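**Student:** Just passing along the structure, written as structure tokens.
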Amino acid sequence: MSRGLTVGQYLPGESVIHRLDPRTKIAIVSVYVLALFIINNPWGYVAAVVFAVVALALSAVPLRYMLDGIKPILVLILLTLTLNVFMTPGTPIWRFGRVVATREGLITGGFLAFRLILLIAVTSLLTLTTSPVALTDGLERLLKPFARLGLPAHELAMMMTIALRFIPTLLEEAEKIMKAQMARGTDFESGNLVRRTKALIPLLVPLFISSFRRADELAMAMEARGYHGGAGRTRFRQLRVGPADYVAGAVTAVFVAGLVYLRFR
Amino acid sequence: MAALISTEGLGHLYNQGQPNEVAALVDVDVAIEGGEFIAVVGPNGSGKSTLAKHFNALLLPTSGRVLVGGIDTRDQARMWEVRRMAGMVFQNPDNQIVATTVEEDVAFGPENLGVPPADIGTRIEQALRWVGMLEHRRHAPHLLSGGQKQRVAIAGVLAMKPRCLILDEATAMLDPVGRDEVMATVKWLNREEGLTVVHITHFMDEAAEADRVLVMDRGQVRFAGAPREVFSRPTELRQIGLDLPAMAELADRLRRAGLEVPAGVTSVEEMVDLLCR
């Protein structure tokens, strides 16, 4: 099961969006998410949807994958919508005893839900088109200026890299321990939720202990290879900003300028 | 010329000054010359791993001193120089690979040294070619076999351009095929590139292939010499709790059965020559 497993939901590809510098993509997504919150009229939403659809089309990622990203927060979206519809004062459109749905509520709730959907859709497009390694690299370099303010940019990126490296290893080990425990009669599958959760203890304890041992050995191996933090370190993989990145940046700038105009005209 | 690595009256106490103090090394004097292939054997707890960790300043002596390329390992300011010169490969292949692809892992050491990015590329290529893993450069490490992972770990050390490669039981967790892969790689590096190799192992057949064998017991060096000398003392080795290499064992049994077998037979070829005479 863990063989050939891809971490995260990265979908390898060669599209324009895939090839953008990770820093560009992270910056654009951040700007886009912020921009979503200045929209206050339908035309703004039309622009935001067009932007997202164009990005999706360029990335050649099947729509299905983007929708999969939205699924987990569907409950949250519905809850936001319902609360808004019933809690906002205004023109009543429907009455059920003391509960009143209002027109204003429907509009605010609808927009809010829309905002959430766009937010998740665009961020999942980022993770779908950027490999975890590139994402970590991009983050490290974007956060670098903040290192002077005490933000441990390099350490965070190193932690992410190590986590990514060890996820498959730990999955493999979990599988091995599980089989060993099953051979000794542990039942992981039957019983109710409490029982099944309890059955995980003989899996988690050895996994934790071995993780600590791994951490210890890895730290020693890293030290033996001269690791002493981010200072004075060079990077083999260099990120390069190309023409496509400038175009993407310019398009985003125009998009944001348009949203600002629509709001404050 | 002075030895590449030498220890003078080296002693190491774990938990020094506490009730559970253990003397892991007692007064060890070793000199390793550049270009040598040396094997260190000994039963569990004999201090062979502790000794190896002194060669690259992962452990510091509690008495005596260790010189690596003329640098005292206690010199904090030059510790990273020592670590660059004496690269170490550990037992568990999974717990020493840091990055998510082979080439990025090999890049880790040079990156730490602050090597310019363009040079790192050339170093990676050369190191991976040496260990025969160049075609796997973009693979994820968890998809490799144990022997392949260890070869990547060796490449990671080679990319730092060390003068000495220390294998701390690097073959212990591998299957026979993986072990052969690693041994062939290491022997090739020693022969063709003149790399000094210190191989800590509990496989006597591997030790028999070295230029020189150190036998450790209870924190001390008991015997040191060419494999044919060391392995011609079956009784003493058994007393320490060590086996003989398969051929030395066979020679010993033949001798006890009354055949006239000269001392110091350690390889299959020698045994074949001897028996077909």
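A note on labels: chains of the structure tokens are A, B, ... as shown, every chain counts residues from 1, and ligands are counted from 1 in their shown order.
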Just the residues within 10 Å of Glu111 in chain B, please, counting only C-alpha atoms, with nothing from its chain fewer than 5 positions along; format it as number ranges by chain.
**Tutor:** A: 225-227, 230, 232-236; B: 104-106, 116-117, 120, 159-160
**Student:** So which residues of range 13-222 of chain A fall under helix (DSSP H, G or I) by DSSP, listed as a ChimeraX atom specification?
**Tutor:** /A:16-19,22-36,42-59,63-87,103-129,132-149,153-183,193-199,201-222
**Student:** If you count only C-alpha atoms, which residues fall within 10 Å of His228 in chain A, apart from same-chain ones fewer than 6 positions away, as a VMD selection string?
**Tutor:** (chain A and resid 222) or (chain B and resid 80 112 to 113)
**Student:** State, in Å with one decimal place, the distance from CA of Arg151 in chain B to CA of Met133 in chain B.
**Tutor:**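 Pair CA of Arg151 in chain B / CA of Met133 in chain B returns 7.4 Å.
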**Student:** For chain B, report every residue with an atom at most 9 Å from chain A (counting only C-alpha atoms), formatted as a ChimeraX atom specification.
**Tutor:** /B:56-58,80-81,83-84,86-90,92,94-101,104,107-121,140-143,156-157,160
**Student:** Per DSSP on the backbone, filter range 67-160 of chain A down to the residues in strand (DSSP E) and report them as JSON, numbers by chain.
**Tutor:** {"A": [92, 93, 94, 95, 96, 99, 100, 101, 102]}
**Student:** Would you export the selected residues with all heavy atoms as a compact mmCIF listing (two decimals), in the first residue's frame, please?
**Tutor:**
```
# COMPACT_ATOMS: atom_id res chain seq x y z
N PRO A 92 -38.24 39.22 5.22
CA PRO A 92 -38.49 37.79 5.34
C PRO A 92 -38.91 37.19 3.99
O PRO A 92 -39.68 37.82 3.26
CB PRO A 92 -39.61 37.69 6.36
CG PRO A 92 -40.15 39.05 6.52
CD PRO A 92 -39.23 40.04 5.90
N ILE A 93 -38.38 36.04 3.63
CA ILE A 93 -38.86 35.37 2.42
C ILE A 93 -39.52 34.03 2.76
O ILE A 93 -40.21 33.43 1.95
CB ILE A 93 -37.73 35.13 1.39
CG1 ILE A 93 -36.48 34.56 2.06
CG2 ILE A 93 -37.40 36.41 0.64
CD1 ILE A 93 -35.46 34.05 1.07
N TRP A 94 -39.26 33.54 3.96
CA TRP A 94 -39.82 32.24 4.34
C TRP A 94 -39.88 32.19 5.86
O TRP A 94 -39.00 32.70 6.55
CB TRP A 94 -38.92 31.14 3.78
CG TRP A 94 -39.46 29.76 3.97
CD1 TRP A 94 -40.58 29.22 3.41
CD2 TRP A 94 -38.87 28.75 4.79
NE1 TRP A 94 -40.75 27.95 3.82
CE2 TRP A 94 -39.71 27.62 4.68
CE3 TRP A 94 -37.76 28.68 5.61
CZ2 TRP A 94 -39.46 26.44 5.36
CZ3 TRP A 94 -37.51 27.50 6.27
CH2 TRP A 94 -38.35 26.39 6.16
N ARG A 95 -40.93 31.63 6.41
CA ARG A 95 -41.13 31.64 7.84
C ARG A 95 -41.44 30.23 8.32
O ARG A 95 -42.23 29.52 7.70
CB ARG A 95 -42.33 32.55 8.13
CG ARG A 95 -42.26 33.33 9.40
CD ARG A 95 -43.49 34.18 9.52
NE ARG A 95 -43.26 35.56 9.07
CZ ARG A 95 -42.65 36.48 9.83
NH1 ARG A 95 -42.24 36.19 11.04
NH2 ARG A 95 -42.48 37.70 9.38
N PHE A 96 -40.80 29.81 9.37
CA PHE A 96 -41.12 28.49 9.94
C PHE A 96 -41.20 28.66 11.44
O PHE A 96 -40.20 28.61 12.14
CB PHE A 96 -40.04 27.48 9.56
CG PHE A 96 -40.35 26.07 10.01
CD1 PHE A 96 -41.24 25.28 9.29
CD2 PHE A 96 -39.77 25.56 11.17
CE1 PHE A 96 -41.51 23.99 9.72
CE2 PHE A 96 -40.07 24.27 11.61
CZ PHE A 96 -40.93 23.48 10.87
N VAL A 99 -38.54 30.78 13.31
CA VAL A 99 -37.35 30.87 12.46
C VAL A 99 -37.69 31.57 11.15
O VAL A 99 -38.65 31.20 10.49
CB VAL A 99 -36.80 29.46 12.15
CG1 VAL A 99 -35.41 29.56 11.53
CG2 VAL A 99 -36.77 28.60 13.40
N VAL A 100 -36.87 32.61 10.85
CA VAL A 100 -37.16 33.39 9.66
C VAL A 100 -35.95 33.40 8.72
O VAL A 100 -34.83 33.70 9.15
CB VAL A 100 -37.48 34.86 10.04
CG1 VAL A 100 -37.89 35.64 8.80
CG2 VAL A 100 -38.59 34.89 11.09
N ALA A 101 -36.21 33.07 7.47
CA ALA A 101 -35.14 33.20 6.48
C ALA A 101 -35.30 34.55 5.80
O ALA A 101 -36.41 34.95 5.48
CB ALA A 101 -35.24 32.07 5.46
N THR A 102 -34.16 35.25 5.59
CA THR A 102 -34.26 36.57 4.97
C THR A 102 -33.53 36.60 3.64
O THR A 102 -32.61 35.83 3.40
CB THR A 102 -33.66 37.66 5.89
OG1 THR A 102 -32.26 37.39 6.02
CG2 THR A 102 -34.32 37.67 7.25
```
**Student:** Could you work out how far CA of His18 in chain A lies from CA of Thr129 in chain A, giving the answer in Å with one decimal?
**Tutor:**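 Going from CA of Thr129 in chain A over to CA of His18 in chain A covers 4.9 Å.
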**Student:** If we count only C-alpha atoms and set the cut-off at 8 Å, which residues sit around Phe188 in chain A, ignoring sequence neighbours fewer than 6 positions away in its own chain? Please answer as a PyMOL selection string.
**Tutor:** chain A and resi 182+196+199-200
**Student:** Which residues are near Glu229 in chain B? Cut-off 12 Å, only C-alpha atoms, ignore same chain within fewer than 6 positions. Put them as a PyMOL selection string.
**Tutor:** chain B and resi 208+211-215+223+237+248+262-266
**Student:** What does the structure give for the distance between CA of Glu173 in chain A and CA of Ile209 in chain A, in Å to one decimal?
**Tutor:** 11.8 Å
**Student:** Would you list the contacts of Val205 in chain A as a short mmCIF file (atom, residue, chain, number, x, y, z; two decimals) with all heavy atoms, in the first residue's frame, taking every protein, DNA or RNA residue within 12 Å and counting only C-alpha atoms, but skipping same-chain residues closer than 5 positions in sequence?
**Tutor:**
```cif
data_model
loop_
_atom_site.label_atom_id
_atom_site.label_comp_id
_atom_site.auth_asym_id
_atom_site.auth_seq_id
_atom_site.Cartn_x
_atom_site.Cartn_y
_atom_site.Cartn_z
N ALA A 174 4.59 1.00 9.94
CA ALA A 174 3.29 0.79 10.59
C ALA A 174 2.66 -0.51 10.07
O ALA A 174 2.12 -1.31 10.84
CB ALA A 174 2.37 1.97 10.31
N ILE A 177 4.47 -3.48 11.65
CA ILE A 177 4.10 -3.68 13.06
C ILE A 177 2.69 -4.26 13.14
O ILE A 177 2.42 -5.18 13.90
CB ILE A 177 4.16 -2.36 13.84
CG1 ILE A 177 5.59 -1.81 13.85
CG2 ILE A 177 3.66 -2.54 15.27
CD1 ILE A 177 5.71 -0.43 14.44
N MET A 178 1.81 -3.72 12.28
CA MET A 178 0.43 -4.17 12.29
C MET A 178 0.38 -5.67 12.01
O MET A 178 -0.33 -6.41 12.69
CB MET A 178 -0.33 -3.42 11.21
CG MET A 178 -1.79 -3.28 11.49
SD MET A 178 -2.35 -1.80 10.63
CE MET A 178 -4.08 -2.03 10.74
N GLN A 181 1.65 -7.59 14.99
CA GLN A 181 0.69 -7.64 16.09
C GLN A 181 -0.50 -8.54 15.74
O GLN A 181 -1.04 -9.22 16.60
CB GLN A 181 0.19 -6.24 16.44
CG GLN A 181 1.29 -5.27 16.88
CD GLN A 181 1.88 -5.59 18.25
OE1 GLN A 181 1.89 -6.74 18.67
NE2 GLN A 181 2.37 -4.56 18.93
N LYS A 198 -8.77 1.60 20.70
CA LYS A 198 -7.93 0.98 21.72
C LYS A 198 -6.97 -0.03 21.11
O LYS A 198 -5.82 -0.14 21.52
CB LYS A 198 -8.81 0.28 22.76
CG LYS A 198 -9.10 1.13 23.98
CD LYS A 198 -9.71 0.26 25.04
CE LYS A 198 -10.18 1.08 26.23
NZ LYS A 198 -11.19 0.33 26.98
N ALA A 199 -7.45 -0.73 20.10
CA ALA A 199 -6.62 -1.75 19.45
C ALA A 199 -5.40 -1.13 18.77
O ALA A 199 -4.44 -1.81 18.46
CB ALA A 199 -7.46 -2.53 18.44
N LEU A 200 -5.46 0.19 18.53
CA LEU A 200 -4.34 0.85 17.86
C LEU A 200 -3.14 1.06 18.78
O LEU A 200 -2.04 1.32 18.31
CB LEU A 200 -4.77 2.20 17.29
CG LEU A 200 -5.62 2.13 16.02
CD1 LEU A 200 -6.01 3.52 15.57
CD2 LEU A 200 -4.88 1.41 14.90
N SER A 210 10.10 3.69 17.89
CA SER A 210 11.06 3.58 16.80
C SER A 210 11.27 4.93 16.12
O SER A 210 12.35 5.20 15.60
CB SER A 210 10.64 2.50 15.82
OG SER A 210 9.89 3.04 14.78
N SER A 211 10.24 5.79 16.13
CA SER A 211 10.43 7.12 15.53
C SER A 211 11.46 7.91 16.30
O SER A 211 12.27 8.63 15.71
CB SER A 211 9.12 7.91 15.53
OG SER A 211 8.13 7.20 14.85
N PHE A 212 11.43 7.80 17.60
CA PHE A 212 12.42 8.52 18.41
C PHE A 212 13.82 7.99 18.12
O PHE A 212 14.77 8.75 18.01
CB PHE A 212 12.10 8.40 19.90
CG PHE A 212 11.04 9.36 20.34
CD1 PHE A 212 9.79 8.92 20.73
CD2 PHE A 212 11.29 10.73 20.33
CE1 PHE A 212 8.80 9.82 21.09
CE2 PHE A 212 10.31 11.64 20.70
CZ PHE A 212 9.06 11.18 21.09
#
```
